[in-house]
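Structure file coords-v2.cif with mmCIF, C-alpha atoms:
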data_data
loop_
_atom_site.group_PDB
_atom_site.id
_atom_site.type_symbol
_atom_site.label_atom_id
_atom_site.label_comp_id
_atom_site.auth_asym_id
_atom_site.auth_seq_id
_atom_site.Cartn_x
_atom_site.Cartn_y
_atom_site.Cartn_z
ATOM 1 C CA MET A 80 -9.227 4.758 14.782
ATOM 2 C CA PRO A 81 -8.971 1.190 16.099
ATOM 3 C CA TYR A 82 -9.451 -1.872 13.939
ATOM 4 C CA SER A 83 -9.901 -5.569 14.533
ATOM 5 C CA LEU A 84 -8.335 -8.603 12.910
ATOM 6 C CA PRO A 85 -8.853 -10.267 10.585
ATOM 7 C CA LEU A 86 -9.102 -7.440 8.113
ATOM 8 C CA ILE A 87 -11.395 -8.156 5.223
ATOM 9 C CA GLY A 88 -12.232 -6.353 2.041
ATOM 10 C CA SER A 89 -13.103 -6.725 -1.596
ATOM 11 C CA CYS A 90 -12.857 -5.192 -5.025
ATOM 12 C CA MET A 91 -15.662 -3.049 -6.455
ATOM 13 C CA CYS A 92 -17.641 -5.961 -7.866
ATOM 14 C CA GLY A 93 -16.944 -8.354 -4.977
ATOM 15 C CA ALA A 94 -15.309 -11.027 -7.162
ATOM 16 C CA VAL A 95 -12.017 -10.653 -5.272
ATOM 17 C CA GLN A 96 -12.179 -11.119 -1.506
ATOM 18 C CA ILE A 97 -9.292 -10.058 0.730
ATOM 19 C CA ASP A 98 -8.313 -11.461 4.117
ATOM 20 C CA VAL A 99 -5.418 -10.220 6.279
ATOM 21 C CA THR A 100 -4.579 -11.849 9.601
ATOM 22 C CA ALA A 101 -1.761 -9.589 10.862
ATOM 23 C CA PRO A 102 -1.483 -5.880 11.643
ATOM 24 C CA PRO A 103 -0.031 -3.604 8.967
ATOM 25 C CA LEU A 104 3.703 -3.042 8.756
ATOM 26 C CA LEU A 105 3.407 0.440 7.249
ATOM 27 C CA THR A 106 0.881 2.799 5.701
ATOM 28 C CA LEU A 107 1.814 5.151 2.929
ATOM 29 C CA ALA A 108 0.745 7.511 0.221
ATOM 30 C CA CYS A 109 2.709 7.182 -3.017
ATOM 31 C CA HIS A 110 2.819 10.232 -5.283
ATOM 32 C CA CYS A 111 4.621 8.600 -8.217
ATOM 33 C CA ARG A 112 3.161 9.112 -11.682
ATOM 34 C CA ASP A 113 2.469 5.370 -11.988
ATOM 35 C CA CYS A 114 0.274 5.461 -8.863
ATOM 36 C CA GLN A 115 -1.437 8.635 -10.028
ATOM 37 C CA LYS A 116 -2.327 6.955 -13.297
ATOM 38 C CA LEU A 117 -3.262 3.602 -11.728
ATOM 39 C CA THR A 118 -5.651 5.180 -9.244
ATOM 40 C CA ALA A 119 -6.822 8.187 -11.280
ATOM 41 C CA SER A 120 -5.964 10.271 -8.234
ATOM 42 C CA ALA A 121 -3.166 12.403 -6.793
ATOM 43 C CA PHE A 122 -1.636 9.442 -4.938
ATOM 44 C CA SER A 123 -2.169 5.819 -4.081
ATOM 45 C CA MET A 124 -3.020 4.805 -0.518
ATOM 46 C CA THR A 125 -1.170 1.624 0.361
ATOM 47 C CA THR A 126 -1.019 -0.549 3.432
ATOM 48 C CA MET A 127 1.943 -2.910 3.643
ATOM 49 C CA PHE A 128 1.342 -6.338 5.170
ATOM 50 C CA PRO A 129 3.408 -9.463 5.734
ATOM 51 C CA ARG A 130 2.957 -11.673 2.672
ATOM 52 C CA ALA A 131 2.216 -14.689 4.875
ATOM 53 C CA ALA A 132 -0.747 -12.883 6.507
ATOM 54 C CA PHE A 133 -2.384 -11.868 3.218
ATOM 55 C CA SER A 134 -4.703 -13.924 1.077
ATOM 56 C CA CYS A 135 -7.240 -13.193 -1.581
ATOM 57 C CA SER A 136 -9.658 -15.256 -3.566
ATOM 58 C CA GLY A 137 -10.986 -14.573 -7.024
ATOM 59 C CA GLU A 138 -9.413 -14.213 -10.438
ATOM 60 C CA LEU A 139 -6.587 -11.711 -10.716
ATOM 61 C CA ILE A 140 -4.718 -10.391 -13.713
ATOM 62 C CA ILE A 141 -1.348 -8.665 -13.824
ATOM 63 C CA GLY A 142 -1.224 -5.198 -15.325
ATOM 64 C CA ALA A 143 0.468 -1.808 -15.193
ATOM 65 C CA LEU A 144 3.892 -3.102 -16.105
ATOM 66 C CA GLY A 145 5.524 0.328 -16.174
ATOM 67 C CA THR A 146 8.018 -0.299 -13.368
ATOM 68 C CA PRO A 147 10.386 -3.252 -13.761
ATOM 69 C CA GLY A 148 10.369 -5.690 -10.847
ATOM 70 C CA ARG A 149 6.866 -4.764 -9.699
ATOM 71 C CA ARG A 150 3.707 -6.695 -10.440
ATOM 72 C CA HIS A 151 0.343 -5.041 -9.932
ATOM 73 C CA TYR A 152 -2.699 -7.274 -9.522
ATOM 74 C CA PHE A 153 -6.208 -6.333 -10.605
ATOM 75 C CA CYS A 154 -9.615 -7.998 -10.392
ATOM 76 C CA LYS A 155 -10.219 -9.732 -13.719
ATOM 77 C CA SER A 156 -13.891 -8.780 -13.609
ATOM 78 C CA CYS A 157 -14.026 -5.094 -12.570
ATOM 79 C CA LEU A 158 -10.316 -4.281 -13.098
ATOM 80 C CA ASN A 159 -10.054 -2.779 -9.603
ATOM 81 C CA PHE A 160 -6.402 -2.345 -8.501
ATOM 82 C CA ILE A 161 -5.883 -4.850 -5.650
ATOM 83 C CA TYR A 162 -2.225 -5.088 -4.606
ATOM 84 C CA SER A 163 1.390 -4.778 -5.660
ATOM 85 C CA ASP A 164 4.130 -7.348 -5.343
ATOM 86 C CA ILE A 165 7.770 -6.290 -5.391
ATOM 87 C CA GLY A 166 9.163 -9.774 -5.971
ATOM 88 C CA GLU A 167 8.217 -13.197 -4.681
ATOM 89 C CA ASP A 168 11.185 -13.269 -2.304
ATOM 90 C CA ASN A 169 10.006 -10.039 -0.650
ATOM 91 C CA PRO A 170 8.189 -10.848 2.625
ATOM 92 C CA ARG A 171 5.719 -7.971 2.137
ATOM 93 C CA ILE A 172 2.872 -7.005 -0.189
ATOM 94 C CA ASN A 173 1.302 -3.572 -0.736
ATOM 95 C CA LEU A 174 -2.490 -3.673 -0.573
ATOM 96 C CA ARG A 175 -4.632 -0.773 -1.796
ATOM 97 C CA THR A 176 -5.952 0.547 1.511
ATOM 98 C CA SER A 177 -9.349 1.572 0.158
ATOM 99 C CA LEU A 178 -10.303 -2.061 -0.464
ATOM 100 C CA LEU A 179 -10.372 -2.820 3.261
ATOM 101 C CA ASP A 180 -13.708 -2.592 5.043
ATOM 102 C CA GLN A 181 -11.873 -0.747 7.846
ATOM 103 C CA ALA A 182 -9.885 1.524 5.499
ATOM 104 C CA ALA A 183 -10.481 4.637 7.613
ATOM 105 C CA ALA A 184 -8.254 3.153 10.333
ATOM 106 C CA PHE A 185 -5.130 3.380 8.173
ATOM 107 C CA ALA A 186 -3.930 6.961 7.695
ATOM 108 C CA PRO A 187 -0.633 7.282 5.826
ATOM 109 C CA TYR A 188 2.449 7.334 8.035
ATOM 110 C CA VAL A 189 4.826 8.115 5.183
ATOM 111 C CA GLU A 190 4.498 9.694 1.758
ATOM 112 C CA LEU A 191 6.816 8.631 -1.046
ATOM 113 C CA MET A 192 7.866 10.069 -4.382
ATOM 114 C CA THR A 193 7.112 13.637 -3.357
ATOM 115 C CA ASP A 194 9.331 14.824 -6.221
ATOM 116 C CA GLN A 195 6.390 13.787 -8.463
ATOM 117 C CA LYS A 196 3.691 15.084 -6.126
ATOM 118 C CA LEU A 197 0.977 17.259 -7.597
ATOM 119 C CA PRO A 198 1.476 20.704 -6.030
ATOM 120 C CA TRP A 199 -2.015 20.840 -4.477
ATOM 121 C CA ALA A 200 -1.978 17.283 -3.014
ATOM 122 C CA THR A 201 -1.635 17.029 0.746
ATOM 123 C CA THR A 202 -1.638 14.164 3.230
ATOM 124 C CA THR A 203 -1.352 13.809 6.984
ATOM 125 C CA ALA A 204 1.801 11.673 6.663
ATOM 126 C CA LEU A 205 4.416 12.232 9.345
ATOM 127 C CA ARG A 206 7.390 11.179 7.209
ATOM 128 C CA SER A 207 8.267 12.120 3.649
ATOM 129 C CA PHE A 208 10.667 10.898 0.947
ATOM 130 C CA SER A 209 11.373 12.532 -2.404
ATOM 131 C CA GLY A 210 11.766 9.025 -3.872
ATOM 132 C CA PHE A 211 11.611 5.535 -2.432
ATOM 133 C CA PRO A 212 13.684 4.496 0.588
ATOM 134 C CA GLN A 213 16.986 3.403 -0.949
ATOM 135 C CA THR A 214 18.379 1.041 1.668
ATOM 136 C CA ALA A 215 17.159 -1.756 3.899
ATOM 137 C CA ASP A 216 18.086 0.447 6.872
ATOM 138 C CA GLU A 217 15.852 3.288 5.644
ATOM 139 C CA LEU A 218 12.955 0.887 5.187
ATOM 140 C CA GLN A 219 13.549 -0.676 8.596
ATOM 141 C CA ASP A 220 13.582 2.805 10.150
ATOM 142 C CA LEU A 221 10.153 3.462 8.609
ATOM 143 C CA LEU A 222 8.794 0.097 9.769
ATOM 144 C CA ASP A 223 10.090 0.722 13.300
ATOM 145 C CA GLY A 224 8.744 4.291 13.348
ATOM 146 C CA TYR A 225 5.330 3.118 12.176
ATOM 147 C CA ALA A 226 5.217 0.359 14.807
ATOM 148 C CA GLU A 227 5.954 2.945 17.503
ATOM 149 C CA TRP A 228 3.522 5.540 16.096
ATOM 150 C CA ILE A 229 0.629 3.117 15.701
ATOM 151 C CA THR A 230 0.706 2.223 19.403
ATOM 152 C CA THR A 231 -0.115 5.871 20.224
ATOM 153 C CA GLN A 232 -3.132 6.043 17.897
#
Please lay out the structure from this file as structure tokens.
Amino acid sequence: MPYSLPLIGSCMCGAVQIDVTAPPLLTLACHCRDCQKLTASAFSMTTMFPRAAFSCSGELIIGALGTPGRRHYFCKSCLNFIYSDIGEDNPRINLRTSLLDQAAAFAPYVELMTDQKLPWATTTALRSFSGFPQTADELQDLLDGYAEWITTQ
């Protein structure tokens, strides 16, 4: 499904507005227990964007501090999960896909943490990891594969 830039979206109550001016770098479904608990679902749908292309307005709070080095941002008003930050020096952010008005355009390319996957959960992801990619080369391979795959969609 095609999409057009900029991508916009919001939290449930509309207090947080999202604006993204660049195409996604990667789409994924994360099956880790943290994501299951954060989303009250079998997995979290995430779309990775360049940090410089992402902005949001509205009051955010940091929560879900279960994983060291990761900050998860939520709307202060409705507590909707907005995005994850894996360190300020990381050039990418992970936005919850469902917040985008054009969310249907972003099927997961990769699924992560399948060692924690609920046995009945399925996705259409083309790539799969039992954990997280461990090296910069593995991540770059995913980014390159996604860039190639998305041009055929």
Ground truth for the PyMOL selection byres ((chain A and resi 154) around 9), written as a VMD selection string: chain A and resid 90 to 92 94 to 95 137 to 141 152 to 153 155 to 161
Review point. Any idea what the distance is between atom CA of A:Asn169 and atom CA of A:Thr201?
Key: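 That distance, rounded to one decimal, is 29.5 Å.
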Expanded to explicit residues, what is the PyMOL selection byres ((chain A and resi 100) around 9) for this file, as a CSV table (one decimal) with C-alpha atoms, in the frame of the given file?
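The file below, expr_36.csv, is the result:
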chain,number,residue,atom,x,y,z
A,84,LEU,CA,-8.3,-8.6,12.9
A,85,PRO,CA,-8.9,-10.3,10.6
A,86,LEU,CA,-9.1,-7.4,8.1
A,87,ILE,CA,-11.4,-8.2,5.2
A,98,ASP,CA,-8.3,-11.5,4.1
A,99,VAL,CA,-5.4,-10.2,6.3
A,101,ALA,CA,-1.8,-9.6,10.9
A,102,PRO,CA,-1.5,-5.9,11.6
A,131,ALA,CA,2.2,-14.7,4.9
A,132,ALA,CA,-0.7,-12.9,6.5
A,133,PHE,CA,-2.4,-11.9,3.2
A,134,SER,CA,-4.7,-13.9,1.1
Dig up all the protein and nucleic acid residues within 9 Å of (4.5, 3.2, 0.0) in the file frame, using only C-alpha atoms, and format them as a PyMOL selection string.
-> chain A and resi 105-110+123-127+173+187+189-192+211
Centre and edge lengths of an axis-aligned box around all listed atoms of stretch 181-188 of chain A, with 6 Å added on each side, are to be given in Å to one decimal, as lines of an AutoDock Vina configuration file.
center_x = -4.7
center_y = 3.3
center_z = 7.9
size_x = 26.3
size_y = 20.1
size_z = 16.8
Between atom CA of A:Thr176 and atom CA of A:Phe122, distance in Å (one decimal)
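Value for the atom CA of A:Thr176-atom CA of A:Phe122 distance: 11.8 Å.
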Exercise: A:Leu222 partners within 12 Å, all atoms listed in the file, chain neighbours under 4 positions left out, as a ChimeraX atom specification: /A:103-107,126-129,171,188-189,206,212,215-218,226-229
Next, the residues of the selection above should be written as a compact mmCIF listing (two decimals), in the coordinates of the input with C-alpha atoms.
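Saved to selection19.txt:
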# COMPACT_ATOMS: atom_id res chain seq x y z
CA PRO A 103 -0.03 -3.60 8.97
CA LEU A 104 3.70 -3.04 8.76
CA LEU A 105 3.41 0.44 7.25
CA THR A 106 0.88 2.80 5.70
CA LEU A 107 1.81 5.15 2.93
CA THR A 126 -1.02 -0.55 3.43
CA MET A 127 1.94 -2.91 3.64
CA PHE A 128 1.34 -6.34 5.17
CA PRO A 129 3.41 -9.46 5.73
CA ARG A 171 5.72 -7.97 2.14
CA TYR A 188 2.45 7.33 8.04
CA VAL A 189 4.83 8.12 5.18
CA ARG A 206 7.39 11.18 7.21
CA PRO A 212 13.68 4.50 0.59
CA ALA A 215 17.16 -1.76 3.90
CA ASP A 216 18.09 0.45 6.87
CA GLU A 217 15.85 3.29 5.64
CA LEU A 218 12.96 0.89 5.19
CA ALA A 226 5.22 0.36 14.81
CA GLU A 227 5.95 2.94 17.50
CA TRP A 228 3.52 5.54 16.10
CA ILE A 229 0.63 3.12 15.70
### Task
Report the distance between atom CA of A:Cys135 and atom CA of A:Leu174 in Å, rounded to one decimal place.
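The value is 10.7 Å.
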On this structure, the PyMOL selection byres ((chain A and resi 143) around 12) would catch which residues? List them as an mmCIF file with C-alpha atoms, in the frame of the given file, sorted by chain and number.
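out.cif written:
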data_model
loop_
_atom_site.group_PDB
_atom_site.id
_atom_site.type_symbol
_atom_site.label_atom_id
_atom_site.label_comp_id
_atom_site.auth_asym_id
_atom_site.auth_seq_id
_atom_site.Cartn_x
_atom_site.Cartn_y
_atom_site.Cartn_z
ATOM 1 C CA ARG A 112 3.161 9.112 -11.682
ATOM 2 C CA ASP A 113 2.469 5.370 -11.988
ATOM 3 C CA CYS A 114 0.274 5.461 -8.863
ATOM 4 C CA GLN A 115 -1.437 8.635 -10.028
ATOM 5 C CA LYS A 116 -2.327 6.955 -13.297
ATOM 6 C CA LEU A 117 -3.262 3.602 -11.728
ATOM 7 C CA THR A 118 -5.651 5.180 -9.244
ATOM 8 C CA ILE A 140 -4.718 -10.391 -13.713
ATOM 9 C CA ILE A 141 -1.348 -8.665 -13.824
ATOM 10 C CA GLY A 142 -1.224 -5.198 -15.325
ATOM 11 C CA LEU A 144 3.892 -3.102 -16.105
ATOM 12 C CA GLY A 145 5.524 0.328 -16.174
ATOM 13 C CA THR A 146 8.018 -0.299 -13.368
ATOM 14 C CA PRO A 147 10.386 -3.252 -13.761
ATOM 15 C CA GLY A 148 10.369 -5.690 -10.847
ATOM 16 C CA ARG A 149 6.866 -4.764 -9.699
ATOM 17 C CA ARG A 150 3.707 -6.695 -10.440
ATOM 18 C CA HIS A 151 0.343 -5.041 -9.932
ATOM 19 C CA TYR A 152 -2.699 -7.274 -9.522
ATOM 20 C CA PHE A 153 -6.208 -6.333 -10.605
ATOM 21 C CA LEU A 158 -10.316 -4.281 -13.098
ATOM 22 C CA ASN A 159 -10.054 -2.779 -9.603
ATOM 23 C CA PHE A 160 -6.402 -2.345 -8.501
ATOM 24 C CA ILE A 161 -5.883 -4.850 -5.650
ATOM 25 C CA TYR A 162 -2.225 -5.088 -4.606
ATOM 26 C CA SER A 163 1.390 -4.778 -5.660
ATOM 27 C CA ASP A 164 4.130 -7.348 -5.343
#
*Neighbours of A:Ser89 within 7 Å (all atoms listed in the file; same-chain residues fewer than 3 positions away dropped), as number ranges by chain?*
A: 93, 95-97, 178-179
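The shortest atom-to-atom distance to A:Phe185, with only C-alpha atoms taken into account, belongs to A:Ala204 out of A:Ala204, A:Gly210, A:Gly224, A:Ile165.
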Selected stretch 131-152 of chain A, written as a PDB file, in the first residue's frame, N, CA, C and O atoms:
ATOM      1  N   ALA A 131      16.192  12.635  12.842  1.00  0.00           N
ATOM      2  CA  ALA A 131      16.100  14.002  12.330  1.00  0.00           C
ATOM      3  C   ALA A 131      14.796  14.259  11.575  1.00  0.00           C
ATOM      4  O   ALA A 131      14.392  15.414  11.421  1.00  0.00           O
ATOM      5  N   ALA A 132      14.123  13.210  11.103  1.00  0.00           N
ATOM      6  CA  ALA A 132      12.886  13.368  10.336  1.00  0.00           C
ATOM      7  C   ALA A 132      11.636  13.272  11.204  1.00  0.00           C
ATOM      8  O   ALA A 132      10.530  13.446  10.718  1.00  0.00           O
ATOM      9  N   PHE A 133      11.817  13.006  12.482  1.00  0.00           N
ATOM     10  CA  PHE A 133      10.696  12.769  13.398  1.00  0.00           C
ATOM     11  C   PHE A 133      10.518  13.959  14.337  1.00  0.00           C
ATOM     12  O   PHE A 133      11.478  14.479  14.891  1.00  0.00           O
ATOM     13  N   SER A 134       9.267  14.365  14.498  1.00  0.00           N
ATOM     14  CA  SER A 134       8.972  15.353  15.529  1.00  0.00           C
ATOM     15  C   SER A 134       7.593  15.055  16.097  1.00  0.00           C
ATOM     16  O   SER A 134       6.748  14.454  15.435  1.00  0.00           O
ATOM     17  N   CYS A 135       7.416  15.468  17.327  1.00  0.00           N
ATOM     18  CA  CYS A 135       6.088  15.354  17.920  1.00  0.00           C
ATOM     19  C   CYS A 135       5.891  16.527  18.860  1.00  0.00           C
ATOM     20  O   CYS A 135       6.836  17.076  19.416  1.00  0.00           O
ATOM     21  N   SER A 136       4.643  16.910  18.978  1.00  0.00           N
ATOM     22  CA  SER A 136       4.287  17.986  19.888  1.00  0.00           C
ATOM     23  C   SER A 136       3.336  17.426  20.926  1.00  0.00           C
ATOM     24  O   SER A 136       2.642  16.439  20.687  1.00  0.00           O
ATOM     25  N   GLY A 137       3.310  18.053  22.067  1.00  0.00           N
ATOM     26  CA  GLY A 137       2.479  17.589  23.168  1.00  0.00           C
ATOM     27  C   GLY A 137       3.362  17.110  24.302  1.00  0.00           C
ATOM     28  O   GLY A 137       4.554  16.876  24.135  1.00  0.00           O
ATOM     29  N   GLU A 138       2.757  16.954  25.462  1.00  0.00           N
ATOM     30  CA  GLU A 138       3.511  16.541  26.647  1.00  0.00           C
ATOM     31  C   GLU A 138       3.704  15.041  26.686  1.00  0.00           C
ATOM     32  O   GLU A 138       2.747  14.274  26.588  1.00  0.00           O
ATOM     33  N   LEU A 139       4.966  14.645  26.837  1.00  0.00           N
ATOM     34  CA  LEU A 139       5.333  13.236  26.921  1.00  0.00           C
ATOM     35  C   LEU A 139       5.894  12.937  28.298  1.00  0.00           C
ATOM     36  O   LEU A 139       6.487  13.808  28.941  1.00  0.00           O
ATOM     37  N   ILE A 140       5.728  11.692  28.713  1.00  0.00           N
ATOM     38  CA  ILE A 140       6.373  11.209  29.926  1.00  0.00           C
ATOM     39  C   ILE A 140       7.151   9.953  29.560  1.00  0.00           C
ATOM     40  O   ILE A 140       6.833   9.272  28.581  1.00  0.00           O
ATOM     41  N   ILE A 141       8.174   9.669  30.345  1.00  0.00           N
ATOM     42  CA  ILE A 141       8.975   8.464  30.139  1.00  0.00           C
ATOM     43  C   ILE A 141       8.452   7.389  31.072  1.00  0.00           C
ATOM     44  O   ILE A 141       8.173   7.642  32.241  1.00  0.00           O
ATOM     45  N   GLY A 142       8.308   6.185  30.544  1.00  0.00           N
ATOM     46  CA  GLY A 142       7.822   5.073  31.348  1.00  0.00           C
ATOM     47  C   GLY A 142       8.402   3.763  30.878  1.00  0.00           C
ATOM     48  O   GLY A 142       9.257   3.727  29.994  1.00  0.00           O
ATOM     49  N   ALA A 143       7.924   2.684  31.439  1.00  0.00           N
ATOM     50  CA  ALA A 143       8.330   1.327  31.056  1.00  0.00           C
ATOM     51  C   ALA A 143       9.846   1.195  31.050  1.00  0.00           C
ATOM     52  O   ALA A 143      10.455   0.956  30.026  1.00  0.00           O
ATOM     53  N   LEU A 144      10.427   1.348  32.209  1.00  0.00           N
ATOM     54  CA  LEU A 144      11.882   1.366  32.325  1.00  0.00           C
ATOM     55  C   LEU A 144      12.474  -0.020  32.554  1.00  0.00           C
ATOM     56  O   LEU A 144      13.507  -0.154  33.188  1.00  0.00           O
ATOM     57  N   GLY A 145      11.851  -1.041  32.006  1.00  0.00           N
ATOM     58  CA  GLY A 145      12.301  -2.409  32.224  1.00  0.00           C
ATOM     59  C   GLY A 145      13.603  -2.771  31.538  1.00  0.00           C
ATOM     60  O   GLY A 145      14.341  -3.623  32.019  1.00  0.00           O
ATOM     61  N   THR A 146      13.926  -2.152  30.425  1.00  0.00           N
ATOM     62  CA  THR A 146      15.124  -2.485  29.673  1.00  0.00           C
ATOM     63  C   THR A 146      16.118  -1.340  29.761  1.00  0.00           C
ATOM     64  O   THR A 146      15.837  -0.246  29.280  1.00  0.00           O
ATOM     65  N   PRO A 147      17.269  -1.575  30.374  1.00  0.00           N
ATOM     66  CA  PRO A 147      18.270  -0.505  30.487  1.00  0.00           C
ATOM     67  C   PRO A 147      18.684   0.032  29.116  1.00  0.00           C
ATOM     68  O   PRO A 147      18.785  -0.723  28.150  1.00  0.00           O
ATOM     69  N   GLY A 148      18.891   1.338  29.040  1.00  0.00           N
ATOM     70  CA  GLY A 148      19.328   1.959  27.795  1.00  0.00           C
ATOM     71  C   GLY A 148      18.205   2.343  26.856  1.00  0.00           C
ATOM     72  O   GLY A 148      18.440   2.972  25.836  1.00  0.00           O
ATOM     73  N   ARG A 149      16.983   1.962  27.164  1.00  0.00           N
ATOM     74  CA  ARG A 149      15.843   2.306  26.318  1.00  0.00           C
ATOM     75  C   ARG A 149      14.907   3.221  27.081  1.00  0.00           C
ATOM     76  O   ARG A 149      14.614   2.996  28.246  1.00  0.00           O
ATOM     77  N   ARG A 150      14.438   4.247  26.395  1.00  0.00           N
ATOM     78  CA  ARG A 150      13.424   5.127  26.984  1.00  0.00           C
ATOM     79  C   ARG A 150      12.172   5.007  26.125  1.00  0.00           C
ATOM     80  O   ARG A 150      12.238   5.094  24.896  1.00  0.00           O
ATOM     81  N   HIS A 151      11.050   4.816  26.781  1.00  0.00           N
ATOM     82  CA  HIS A 151       9.772   4.707  26.092  1.00  0.00           C
ATOM     83  C   HIS A 151       8.943   5.930  26.466  1.00  0.00           C
ATOM     84  O   HIS A 151       8.776   6.238  27.648  1.00  0.00           O
ATOM     85  N   TYR A 152       8.417   6.593  25.444  1.00  0.00           N
ATOM     86  CA  TYR A 152       7.671   7.837  25.648  1.00  0.00           C
ATOM     87  C   TYR A 152       6.182   7.597  25.462  1.00  0.00           C
ATOM     88  O   TYR A 152       5.768   6.905  24.530  1.00  0.00           O
TER      89      TYR A 152
END
